[in-house]
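Since the structure comes first, as structure tokens, the remarks are kept for the end.
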Amino acid sequence: MSNETTIQDEGEVLLIDKPLKWTSFDVVNKIKRACKYNKIGHAGTLDPLATGLLILCTGKKTKIIDTYQAQEKEYTGTFVLGKTTPSVDLETEFDAEFPIEHINSEILETARKTFLGQIEQIPPIYSAVKVDGERLYKKARRGETAEIKKRSVEISLFEIDSTNFPAIDFRIICSKGTYIRSIVRDFGVAAGSGAYLSVLCRTRIGNFELKDAKNLTDFIYQKRVELKLPVDE
């Protein structure tokens with residue numbers, strides 16, 4: 001048995017910077033095929049329009065995926081006040097406009113504070129949450145509605161910067177299961193307006209940081225070189 005085969009059987013924890021417009025499963029499938037992993041999974045989904053840290057576990061390390069999924073997460077990004085979309089991001093077209101002239105620093109600060117600590121939120125209709133055995137986003141794309149249960153999450157830090165208003169830059173540290181799009185949607189309502197997410201990046205999961213993650217293309221190239229596989233496939 002080769003050393004590389006042994007490493008793959010024992011498993012690795014891979015840190016990948018997920019590219020824009022790729023699903024988390026796209027990344028998993030690409031690496032599995034290109035790098036000949038028998039078993040691989042990811043520890044926490046990122047939306048297609050989000051970038052940032054994606055943890056992948058291979059081989060026997062897949063048994064501890066839940067450990068990473070449960071850890072605290074940090075995100076940075078930008079949301080924009082005054083418009084909404086059904087998906088709360090730019091996956092779907094704008095469906096409504098709202099006033100923003102009344103919004104001042106006091107309103108923004110009051111809204112921000114409502115999201116600190118333990119809160120209840122409803123996941124977006126465009127999400128991977130299952131209702132009656134089917135992913136919500138599939139129902140949403142058919143124009144169907146569904147009853148979505150609230151979930152408790154914890155926000156330990158929520159910073160905002162309104163320098164480029166109506167675009168609001170933010171940083172959030174939150175618990176497992178937090179939907180940033182739900183925070184954006186509900187922030188818009190709290191400010192007497194609407195909002196959509198324009199940029200999202202996951203910068204940390206537990207002690208793992210984005211700065212230590214590898215570019216997907218670079219990782220695949222390096223791994224195929226290690227495995228003595230053609231690098232132009």
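The way I read the labels, and the way they are meant: chains A, B, ... in the order of the structure tokens, residue 1 as the first residue of every chain, and ligand 1 as the first ligand shown, with later ones counted on from there.
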
(Q) Run DSSP on the backbone and tell me which residues of segment 52-179 of chain A come out as strand (DSSP E); list them as a PyMOL selection string. (A) chain A and resi 52-58+73-81+83-84+96-97+117-121+130-131+134-135+151-161+167-174

Q: Just the residues within 9 Å of Val88 of chain A, please, counting only C-alpha atoms, with nothing from its chain fewer than 5 positions along; format it as a count of residues only.
A: 10

**Q.** Nearest to Asp66 of chain A, chosen from A:Gly41, A:Gly11, A:Gly143, A:Pro99, with only C-alpha atoms counted in the distances
**A.** A:Gly41

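Of note, atom CA of Lys149 of chain A and atom CA of Ile122 of chain A are spaced 6.4 Å apart.
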
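Atom CA of Ile160 of chain A is positioned 22.0 Å from atom CA of Lys211 of chain A.
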
Please provide as a PDB file with N, CA, C and O atoms, in the first residue's frame all residues within 6 Å of Asn215 of chain A, with the sequence filter that same-chain residues fewer than 2 positions apart are discarded (counting only C-alpha atoms).
ATOM      1  N   ASP A  17     -10.882  27.502   0.009  1.00  0.00           N
ATOM      2  CA  ASP A  17     -11.573  28.776  -0.200  1.00  0.00           C
ATOM      3  C   ASP A  17     -12.586  28.558  -1.315  1.00  0.00           C
ATOM      4  O   ASP A  17     -12.227  28.468  -2.490  1.00  0.00           O
ATOM      5  N   THR A 217      -8.311  25.398  -7.294  1.00  0.00           N
ATOM      6  CA  THR A 217      -7.507  24.964  -8.440  1.00  0.00           C
ATOM      7  C   THR A 217      -6.084  24.610  -8.008  1.00  0.00           C
ATOM      8  O   THR A 217      -5.524  23.596  -8.443  1.00  0.00           O
ATOM      9  N   ASP A 218      -5.506  25.437  -7.150  1.00  0.00           N
ATOM     10  CA  ASP A 218      -4.141  25.174  -6.675  1.00  0.00           C
ATOM     11  C   ASP A 218      -4.077  23.881  -5.872  1.00  0.00           C
ATOM     12  O   ASP A 218      -3.131  23.099  -6.019  1.00  0.00           O
TER      13      ASP A 218
END

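Excluding Leu20 of chain A itself and any same-chain residue fewer than 6 positions from it, the protein and nucleic acid residues within 12 Å of it, counting only C-alpha atoms, are A:Asp26, A:Val27, A:Leu46, A:Asp47, A:Pro48, A:Leu49, A:Ala50, A:Thr51, A:Gly52, A:Leu53, A:Glu91, A:Val199, A:Leu200, A:Cys201, A:Arg202, A:Asn215, A:Leu216.
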
Output the selection as a short mmCIF file (atom, residue, chain, number, x, y, z; two decimals), in the first residue's frame - N, CA, C and O atoms for each residue.
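Dumped everything to selection.cif:
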data_model
loop_
_atom_site.label_atom_id
_atom_site.label_comp_id
_atom_site.auth_asym_id
_atom_site.auth_seq_id
_atom_site.Cartn_x
_atom_site.Cartn_y
_atom_site.Cartn_z
N ASP A 26 -20.47 20.99 -5.18
CA ASP A 26 -19.63 21.09 -6.38
C ASP A 26 -18.16 20.92 -6.01
O ASP A 26 -17.40 20.22 -6.68
N VAL A 27 -17.76 21.60 -4.92
CA VAL A 27 -16.36 21.52 -4.47
C VAL A 27 -16.02 20.10 -4.04
O VAL A 27 -14.97 19.55 -4.42
N LEU A 46 -22.02 26.34 2.34
CA LEU A 46 -22.00 27.75 1.96
C LEU A 46 -22.90 27.92 0.75
O LEU A 46 -22.88 27.09 -0.17
N ASP A 47 -23.69 29.00 0.72
CA ASP A 47 -24.53 29.27 -0.44
C ASP A 47 -23.67 29.47 -1.68
O ASP A 47 -22.50 29.89 -1.58
N PRO A 48 -24.22 29.20 -2.86
CA PRO A 48 -23.45 29.39 -4.10
C PRO A 48 -22.85 30.79 -4.25
O PRO A 48 -21.73 30.94 -4.75
N LEU A 49 -23.57 31.83 -3.81
CA LEU A 49 -23.08 33.19 -3.97
C LEU A 49 -22.20 33.65 -2.80
O LEU A 49 -21.83 34.82 -2.73
N ALA A 50 -21.88 32.74 -1.90
CA ALA A 50 -20.94 33.03 -0.82
C ALA A 50 -19.58 32.44 -1.17
O ALA A 50 -19.47 31.47 -1.92
N THR A 51 -18.55 33.04 -0.62
CA THR A 51 -17.19 32.51 -0.77
C THR A 51 -16.65 32.23 0.64
O THR A 51 -17.30 32.47 1.63
N GLY A 52 -15.42 31.73 0.68
CA GLY A 52 -14.77 31.61 1.98
C GLY A 52 -14.50 30.19 2.41
O GLY A 52 -14.52 29.24 1.61
N LEU A 53 -14.26 30.05 3.69
CA LEU A 53 -13.75 28.82 4.26
C LEU A 53 -14.74 27.66 4.20
O LEU A 53 -15.85 27.75 4.72
N GLU A 91 -29.35 35.73 -6.06
CA GLU A 91 -29.70 34.55 -6.86
C GLU A 91 -31.00 34.79 -7.62
O GLU A 91 -31.20 34.25 -8.71
N VAL A 199 -22.88 40.50 -0.66
CA VAL A 199 -21.56 39.84 -0.55
C VAL A 199 -21.54 39.07 0.76
O VAL A 199 -21.99 39.57 1.80
N LEU A 200 -20.99 37.84 0.72
CA LEU A 200 -20.83 37.06 1.95
C LEU A 200 -19.58 36.21 1.86
O LEU A 200 -19.36 35.53 0.85
N CYS A 201 -18.79 36.24 2.92
CA CYS A 201 -17.57 35.44 2.98
C CYS A 201 -17.45 34.83 4.38
O CYS A 201 -17.54 35.56 5.37
N ARG A 202 -17.23 33.52 4.46
CA ARG A 202 -16.99 32.89 5.75
C ARG A 202 -15.49 32.93 6.02
O ARG A 202 -14.69 32.39 5.25
N ASN A 215 -6.68 27.81 -2.43
CA ASN A 215 -7.43 27.99 -3.65
C ASN A 215 -7.77 26.61 -4.23
O ASN A 215 -6.91 25.71 -4.25
N LEU A 216 -9.00 26.42 -4.69
CA LEU A 216 -9.43 25.10 -5.16
C LEU A 216 -8.56 24.57 -6.30
O LEU A 216 -8.10 23.42 -6.27
#

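Within 6 Å of segment 175-180 of chain A, once only C-alpha atoms are used and residues closer than 5 positions along the same chain are dropped, the contacting residues are Ala70, Glu72, Val153 and Glu154 of chain A.
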
**Q.** Between atom CA of Ala34 of chain A and atom CA of Gly59 of chain A - distance in Å to one decimal
**A.** 15.4 Å

Q. If you run DSSP on this backbone, which residues of segment 5-209 of chain A come out as helix (DSSP H, G or I), and could you give them as a ChimeraX atom specification?
A. /A:5-10,24-35,59-69,105-113,136-141,180-190

Q.
Please list as a ChimeraX atom specification every residue within 12 Å of Leu210 of chain A, counting only C-alpha atoms and excluding residues in the same chain fewer than 3 positions away.
A. /A:14-18,51-55,73-76,201-207,213-215

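Nearest to Thr163 of chain A of all the residues A:Arg142, A:Thr78, A:Phe98, A:Val28 is A:Thr78, counting only C-alpha atoms.
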
Go through segment 143-231 of chain A and flag each residue having an atom no more than 9 Å from segment 107-114 of chain A; for those, report the closest pair of atoms plus their distance in Å to one decimal, using only C-alpha atoms, ordered by chain and rising number, as JSON lines.
{"residue": "A:Phe158", "atom": "CA", "partner": "A:Arg112", "partner_atom": "CA", "distance": 7.0}
{"residue": "A:Glu159", "atom": "CA", "partner": "A:Arg112", "partner_atom": "CA", "distance": 7.8}
{"residue": "A:Ile160", "atom": "CA", "partner": "A:Arg112", "partner_atom": "CA", "distance": 7.7}
{"residue": "A:Ser162", "atom": "CA", "partner": "A:Leu108", "partner_atom": "CA", "distance": 8.5}
{"residue": "A:Phe187", "atom": "CA", "partner": "A:Ala111", "partner_atom": "CA", "distance": 6.2}
{"residue": "A:Gly188", "atom": "CA", "partner": "A:Ala111", "partner_atom": "CA", "distance": 8.6}
{"residue": "A:Val189", "atom": "CA", "partner": "A:Ala111", "partner_atom": "CA", "distance": 8.9}
{"residue": "A:Ala190", "atom": "CA", "partner": "A:Ala111", "partner_atom": "CA", "distance": 5.5}
{"residue": "A:Ala191", "atom": "CA", "partner": "A:Ile107", "partner_atom": "CA", "distance": 6.1}
{"residue": "A:Gly192", "atom": "CA", "partner": "A:Ile107", "partner_atom": "CA", "distance": 8.8}

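Considering the residues A:Ser87, A:Asn164, A:Gln121, A:Ser156 and counting only C-alpha atoms, Ile183 of chain A has its shortest atom-to-atom contact with A:Gln121.
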